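Taking it in order: structure first as structure tokens, then the write-up.
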Amino acid sequence: MRDCTQVQLILRSDKGDLSSFSPLLQKGFSIKARTGTSLKALFCEQLGVDAVYFEDRIQTIFLDGKPVDDPDSAIVRDGCTIALSAAMPGLVGSTFRRGGALADFRNTITYKGQAERLGMEGEGRVRVKLFNLLVGELGPVFLHEGIWVEKQDAARVLKALLELPHASMASFEKDGRTVSHDQLAALDWSEEPGDVHLSVLI
């Protein structure tokens, strides 16, 4: 049964262009997760991200605003925020790269693992932000599985999509019912309850 406190929105694309969702993926979205486990376990075991990709591609990780060097000991909690980036250029990139040569320079703000909390698992939501190359690489995976976003953010993305000269979405479905381009454009989001569970299928 659908949660009456949220809107379910499914978009189907036959073009595969998800660039309109980039601002949303960078601002952040929520996913359901098993909490009390390690950050690496969240992505590799729960979300199915390849372990080699995780180690080689995801070079910068922030957990609640603190850089993470050891994702095996960083504990995911309900309501936490995780920001992921591929390698960033310059001094900033070198400083915040996990395990990098300059990691000692930000020792006072680095996330300190709390391995003793491993095993205290539960269900919750975490907020994820993607940056640079990961937007295009991991973004479609999250969008396909479905993400939770604030209705104001969903409204902005849909407005941008619907204003494109050539429709990038083949069909729209809201709360289990197919809706037209015009019906979606006329939707008053201020009257909609709660968050939006958004899925984009290609």
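Residues in the structure tokens are named by chain (A, B, ... in the order shown) and by number from 1 within that chain; ligands are numbered from 1 in the order shown.
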
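Once A:Pro23 and its same-chain neighbours fewer than 6 positions away are set aside, A:Phe29, A:Lys129, A:Leu130, A:Phe131, A:Asn132, A:Val135, A:Gly136, A:Gly139, A:Asp153, A:Ala154, A:Arg156, A:Val157, A:Ala160 remain within 12 Å of it when counting only C-alpha atoms.
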
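Residue nearest A:Val49 within the list A:Val141, A:Leu84, A:Ile202, A:Leu161: A:Val141 [criterion: smallest interatomic distance, only C-alpha atoms].
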
Restricting the calculation to only C-alpha atoms, which member of A:Ser20, A:Thr60, A:Gln8, A:Ser13 is positioned closest to A:Glu163? A:Ser20

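Between atom CA of A:Leu11 and atom CA of A:Ile61 the interatomic distance comes to 29.6 Å.
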
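Residues within 10 Å of A:Leu143, counting only C-alpha atoms and excluding same-chain residues fewer than 4 positions away, are Ile10, Leu11, Leu18, Phe21, Leu25, Phe29, Leu138, Gly139, Ile147, Trp148, His197, Leu198, Ser199, Val200, Leu201 and Ile202 of chain A.
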
Selection file, C-alpha atoms, as a short mmCIF file (atom, residue, chain, number, x, y, z; two decimals), in the first residue's frame:
```cif
data_model
loop_
_atom_site.label_atom_id
_atom_site.label_comp_id
_atom_site.auth_asym_id
_atom_site.auth_seq_id
_atom_site.Cartn_x
_atom_site.Cartn_y
_atom_site.Cartn_z
CA ILE A 10 7.60 7.53 -12.07
CA LEU A 11 9.11 9.05 -15.20
CA LEU A 18 19.18 12.62 -17.33
CA PHE A 21 18.42 15.81 -12.71
CA LEU A 25 21.58 14.85 -7.36
CA PHE A 29 18.27 13.15 -1.98
CA LEU A 138 25.86 6.72 -10.04
CA GLY A 139 22.97 9.15 -10.55
CA ILE A 147 14.89 8.43 -4.34
CA TRP A 148 13.03 10.65 -1.89
CA HIS A 197 9.40 9.24 -4.16
CA LEU A 198 10.87 9.73 -7.61
CA SER A 199 11.92 6.99 -10.03
CA VAL A 200 13.30 7.53 -13.53
CA LEU A 201 13.27 4.51 -15.82
CA ILE A 202 15.21 4.31 -19.07
#
```

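Atom CA of A:Met169 sits 22.9 Å away from atom CA of A:Leu133.
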
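Comparing A:Gly16, A:Pro193, A:Gly79, A:Pro140 by their smallest distance to A:Leu63, the closest is A:Gly79 (using only C-alpha atoms).
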
Nearest to A:Ala74, chosen from A:Ala185, A:Leu39, A:Ala87, A:Ala51, with only C-alpha atoms counted in the distances: A:Leu39

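Distance check against A:Cys80 using only C-alpha atoms: of A:Lys15, A:Lys66, A:Arg125, A:Arg57, the minimum falls on A:Arg125.
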
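Candidate residues A:Val7, A:Tyr53, A:Val126, A:Gly36 were compared for distance to A:Ser73, and the nearest is A:Gly36, using only C-alpha atoms.
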